[in-house]
file model.cif (mmCIF, C-alpha atoms)
data_data
loop_
_atom_site.label_atom_id
_atom_site.label_comp_id
_atom_site.auth_asym_id
_atom_site.auth_seq_id
_atom_site.Cartn_x
_atom_site.Cartn_y
_atom_site.Cartn_z
CA GLU A 11 93.16 143.63 105.54
CA GLU A 12 95.82 145.03 103.23
CA LYS A 13 98.22 145.49 106.16
CA LEU A 14 97.47 141.96 107.35
CA ALA A 15 98.20 140.60 103.87
CA GLN A 16 101.51 142.51 103.81
CA LEU A 17 102.46 141.19 107.24
CA LYS A 18 101.60 137.62 106.24
CA LYS A 19 103.66 137.97 103.08
CA LEU A 20 106.68 139.20 105.06
CA SER A 21 106.29 136.69 107.89
CA ASN A 22 105.78 133.67 105.61
CA VAL A 23 109.44 133.88 104.57
CA PHE A 24 110.87 133.30 108.02
CA LEU A 25 108.03 131.01 109.15
CA ALA A 26 108.78 128.72 106.20
CA ARG A 27 112.49 128.82 107.07
CA HIS A 28 111.69 127.96 110.68
CA TRP A 29 109.49 125.05 109.57
CA GLU A 30 112.30 123.72 107.37
CA HIS A 31 114.77 123.83 110.30
CA GLU A 32 112.26 122.01 112.53
CA GLU A 33 111.30 119.28 110.03
CA ARG A 34 114.69 118.64 108.38
CA PRO A 35 116.20 116.40 111.12
CA GLU A 36 113.19 114.07 111.03
CA ALA A 37 113.30 113.91 107.22
CA ILE A 38 117.05 113.17 107.27
CA LYS A 39 116.49 110.43 109.84
CA ALA A 40 113.79 108.88 107.63
CA LEU A 41 116.06 109.03 104.57
CA LYS A 42 118.93 107.39 106.46
CA GLY A 43 116.57 104.62 107.61
CA MET A 44 115.44 104.09 104.04
CA ILE A 45 119.05 103.94 102.85
CA ASP A 46 119.88 101.33 105.51
CA GLY A 47 116.90 99.22 104.48
CA ALA A 48 117.84 99.51 100.81
CA GLU A 49 121.42 98.46 101.57
CA LYS A 50 120.19 95.36 103.42
CA PHE A 51 117.89 94.52 100.52
CA LEU A 52 120.81 95.02 98.11
CA VAL A 53 122.88 92.42 99.99
CA THR A 54 119.99 89.95 99.72
CA GLY A 55 119.40 90.88 96.08
CA ARG A 56 123.01 90.19 95.15
CA ASN A 57 122.48 86.60 96.28
CA LEU A 58 119.55 86.24 93.88
CA THR A 59 121.34 86.88 90.60
CA LYS A 60 122.22 84.38 87.88
CA ASP A 61 125.95 84.63 88.69
CA THR A 62 125.66 83.88 92.41
CA ASN A 63 122.64 81.57 92.47
CA PRO A 64 121.68 80.07 89.08
CA GLU A 65 118.60 78.35 90.51
CA LYS A 66 117.16 81.60 91.86
CA ASP A 67 118.08 84.14 89.23
CA VAL A 68 115.41 86.67 90.19
CA PHE A 69 117.37 89.85 89.42
CA THR A 70 119.67 90.83 86.60
CA GLN A 71 123.04 92.36 87.30
CA VAL A 72 121.85 95.62 85.72
CA GLU A 73 119.02 95.89 88.25
CA ILE A 74 121.38 95.27 91.15
CA ASP A 75 123.88 97.80 89.78
CA THR A 76 121.11 100.38 89.34
CA LEU A 77 119.99 100.01 92.95
CA ASP A 78 123.60 100.18 94.14
CA LYS A 79 124.14 103.35 92.10
CA VAL A 80 121.00 105.02 93.51
CA ILE A 81 122.05 104.16 97.08
CA THR A 82 125.58 105.47 96.54
CA GLU A 83 124.38 108.68 94.89
CA THR A 84 121.79 109.30 97.62
CA ASN A 85 124.38 108.77 100.36
CA ALA A 86 126.87 111.12 98.70
CA TRP A 87 124.17 113.74 98.06
CA LEU A 88 122.99 113.61 101.67
CA LYS A 89 126.51 114.04 103.05
CA THR A 90 127.39 117.00 100.82
CA GLU A 91 124.05 118.78 101.26
CA THR A 92 124.00 118.27 105.03
CA ALA A 93 127.53 119.66 105.33
CA ALA A 94 126.65 122.64 103.11
CA GLN A 95 123.47 123.37 105.12
CA LYS A 96 125.37 123.25 108.43
CA LYS A 97 127.77 125.92 107.15
CA LEU A 98 124.89 128.31 106.49
CA ALA A 99 123.51 130.62 109.16
CA LYS A 100 120.00 129.94 110.49
CA ASN A 101 118.71 133.13 108.87
CA ALA A 102 120.20 132.34 105.44
CA ASP A 103 118.19 130.80 102.62
CA ILE A 104 117.64 127.06 102.93
CA ARG A 105 119.82 124.85 100.76
CA LEU A 106 118.64 121.41 101.90
CA THR A 107 114.84 121.48 101.88
CA VAL A 108 112.48 118.81 103.15
CA LYS A 109 111.05 118.54 99.62
CA ASP A 110 114.51 117.69 98.24
CA ILE A 111 114.86 114.98 100.87
CA THR A 112 111.43 113.51 100.10
CA ASP A 113 112.25 113.53 96.38
CA LYS A 114 115.37 111.46 97.06
CA MET A 115 113.34 109.15 99.27
CA SER A 116 110.76 108.59 96.54
CA LEU A 117 113.48 107.81 93.98
CA LEU A 118 115.08 105.25 96.29
CA ASP A 119 111.70 103.84 97.26
CA ARG A 120 110.71 103.40 93.61
CA GLU A 121 113.84 101.35 92.87
CA VAL A 122 113.39 99.12 95.91
CA LYS A 123 109.65 98.60 95.28
CA TYR A 124 110.35 97.59 91.67
CA LEU A 125 112.70 94.84 92.85
CA VAL A 126 110.38 93.77 95.69
CA ASN A 127 107.50 93.40 93.23
CA LYS A 128 109.73 91.44 90.89
CA ILE A 129 110.62 88.97 93.62
CA LYS A 130 106.94 88.61 94.57
CA ILE A 131 105.90 87.53 91.07
CA TRP A 132 109.02 85.46 90.38
CA LYS A 133 108.52 81.76 89.69
CA PRO A 134 111.30 79.22 89.29
CA LYS A 135 111.91 78.09 85.74
CA VAL A 136 110.69 74.57 84.99
CA LYS A 137 113.52 72.29 83.94
CA PRO A 138 113.05 69.82 81.06
CA ALA A 139 113.65 66.87 83.43
CA ALA A 140 110.75 67.99 85.63
CA GLU A 141 108.49 68.12 82.57
CA LYS A 142 109.43 64.51 81.64
CA GLU A 143 108.55 63.33 85.16
CA LYS A 144 105.20 65.09 84.91
CA LYS A 145 104.44 63.29 81.61
CA LYS A 146 105.34 59.93 83.16
CA GLU A 147 102.93 60.60 86.03
CA GLU A 148 100.20 61.43 83.53
CA GLU A 149 100.83 58.15 81.67
CA VAL A 150 100.54 56.18 84.92
CA VAL A 151 97.23 57.88 85.70
CA ALA A 152 95.94 57.25 82.17
CA SER A 153 96.82 53.56 82.28
CA GLY A 154 94.83 53.13 85.50
CA SER A 155 97.50 51.17 87.38
CA GLY A 156 97.60 51.33 91.17
CA ASP A 157 94.81 51.43 93.70
CA ASP A 158 92.02 54.01 93.87
CA THR A 159 93.62 56.28 96.50
CA LYS A 160 96.77 56.67 94.47
CA SER A 161 94.87 57.53 91.32
CA GLU A 162 92.83 60.16 93.20
CA ASP A 163 96.03 61.75 94.49
CA ALA A 164 97.47 61.69 90.99
CA GLU A 165 94.32 63.32 89.61
CA GLN A 166 94.58 66.10 92.20
CA GLN A 167 98.24 66.62 91.36
CA GLN A 168 97.40 66.75 87.66
CA GLU A 169 94.66 69.33 88.26
CA GLN A 170 97.07 71.42 90.33
CA ALA A 171 99.73 71.20 87.59
CA THR A 172 97.17 72.25 84.97
CA LYS A 173 96.18 75.29 87.06
CA GLU A 174 99.86 76.25 87.50
CA ASP A 175 100.45 75.91 83.74
CA GLN A 176 97.50 78.19 83.02
CA GLN A 177 98.80 80.77 85.48
CA GLU A 178 102.24 80.66 83.88
CA GLN A 179 100.74 81.24 80.44
CA GLU A 180 98.88 84.38 81.55
CA PRO A 181 101.05 87.43 80.85
CA VAL A 182 101.91 89.57 83.85
CA ASP A 183 101.96 93.27 83.06
CA GLU A 184 104.43 95.21 85.14
CA ILE A 185 103.77 98.88 85.29
CA THR A 186 106.82 100.94 85.96
CA PRO A 187 105.91 104.53 86.72
CA THR A 188 107.56 107.11 84.55
CA PRO A 189 109.39 110.05 86.14
CA ALA A 190 106.51 112.33 85.09
CA GLU A 191 104.05 110.12 87.00
CA GLU A 192 106.32 110.10 90.03
CA GLU A 193 106.38 113.89 90.17
CA THR A 194 102.60 114.06 90.37
CA LYS A 195 102.48 111.87 93.47
CA THR A 196 102.69 113.72 96.78
CA PRO A 197 104.80 112.08 99.50
CA HIS A 198 102.96 111.38 102.76
CA SER A 199 105.03 113.86 104.75
CA GLU A 200 103.82 116.74 102.58
CA LEU A 201 100.13 116.04 103.10
#
call {"tool": "encode", "arguments": {"input": "model.cif", "output": "structure tokens"}}
result
Amino acid sequence: EEKLAQLKKLSNVFLARHWEHEERPEAIKALKGMIDGAEKFLVTGRNLTKDTNPEKDVFTQVEIDTLDKVITETNAWLKTETAAQKKLAKNADIRLTVKDITDKMSLLDREVKYLVNKIKIWKPKVKPAAEKEKKKEEEVVASGSGDDTKSEDAEQQQEQATKEDQQEQEPVDEITPTPAEEETKTPHSEL
């Protein structure tokens, strides 16, 4: 048993290296796919800022710049690390590990998911003119003018508007994970 333990200890070094060489291309391919998706989302996101589209100002310029910075840094990191790993011999220590790649993927994924969640909960801002029209409709309903079908439709619209107002008043808590929380999560490829 002692000899077996010694052999396992010695063989684990090159077995781990072999596993890294086998899994790295797939991890790099996944990271490149994630970068491409993030770049496409960035193009769409740039069209949803206050400067480019005042009616749909979902994202701030800082958020767009942050995503752009993460994409650029990830691309540059991948190119330099891939080139450095290719220069090394197969029996040398690994420079670009699968764990490093999955860490970069999780960082990029976190930024994209934050913006995706923001666009999911985004609601257009109500303009003052729209509020005046809503009050006029309420006055017409209160005065009782019009036939019965119109007043029923107006009542339904008023109920819907009341529900929407209540939903807008409820605070939405966004939880942004801290870097310490991110480190505790295990990427799917490592399971």
call {"tool": "atom_distance", "arguments": {"input": "model.cif", "atom1": "atom CA of Ile74 of chain A", "atom2": "atom CA of Gly43 of chain A"}}
result
19.5 Å
call {"tool": "resolve_selection", "arguments": {"input": "model.cif", "expression": "the PyMOL selection byres ((chain A and resi 45) around 8)", "output": "list of chain:residue names"}}
result
A:Leu41, A:Lys42, A:Gly43, A:Met44, A:Asp46, A:Gly47, A:Ala48, A:Glu49, A:Ile81, A:Thr84, A:Asn85, A:Leu118
call {"tool": "residues_around", "arguments": {"input": "model.cif", "residues": "segment 24-31 of chain A", "least_positions_apart": "5", "cutoff": "8 Å", "atoms": "only C-alpha atoms", "output": "ChimeraX atom specification"}}
result
/A:101,103-104,107-108
call {"tool": "atom_distance", "arguments": {"input": "model.cif", "atom1": "atom CA of Lys135 of chain A", "atom2": "atom CA of Asp78 of chain A"}}
result
26.4 Å
call {"tool": "closest_residue", "arguments": {"input": "model.cif", "among": "A:Lys19, A:Lys114, A:Lys133, A:Lys13", "to": "Glu65 of chain A", "atoms": "all atoms listed in the file"}}
result
A:Lys133
call {"tool": "residues_around", "arguments": {"input": "model.cif", "residues": "Ile111 of chain A", "least_positions_apart": "2", "cutoff": "10 Å", "atoms": "all atoms listed in the file", "output": "PyMOL selection string"}}
result
chain A and resi 34+37-38+40-41+84+87-88+91+106-109+113-116
call {"tool": "atom_distance", "arguments": {"input": "model.cif", "atom1": "atom CA of Leu125 of chain A", "atom2": "atom CA of Thr70 of chain A"}}
result
10.2 Å
call {"tool": "closest_residue", "arguments": {"input": "model.cif", "among": "A:Leu14, A:Val68, A:Glu32, A:Thr54", "to": "Lys100 of chain A", "atoms": "all atoms listed in the file"}}
result
A:Glu32
call {"tool": "axis_aligned_box", "arguments": {"input": "model.cif", "around": "segment 98-101 of chain A", "padding_each_side": "4 Å", "output": "AutoDock Vina command-line options"}}
result
--center_x 121.8 --center_y 130.7 --center_z 108.5 --size_x 14.2 --size_y 12.8 --size_z 12.0
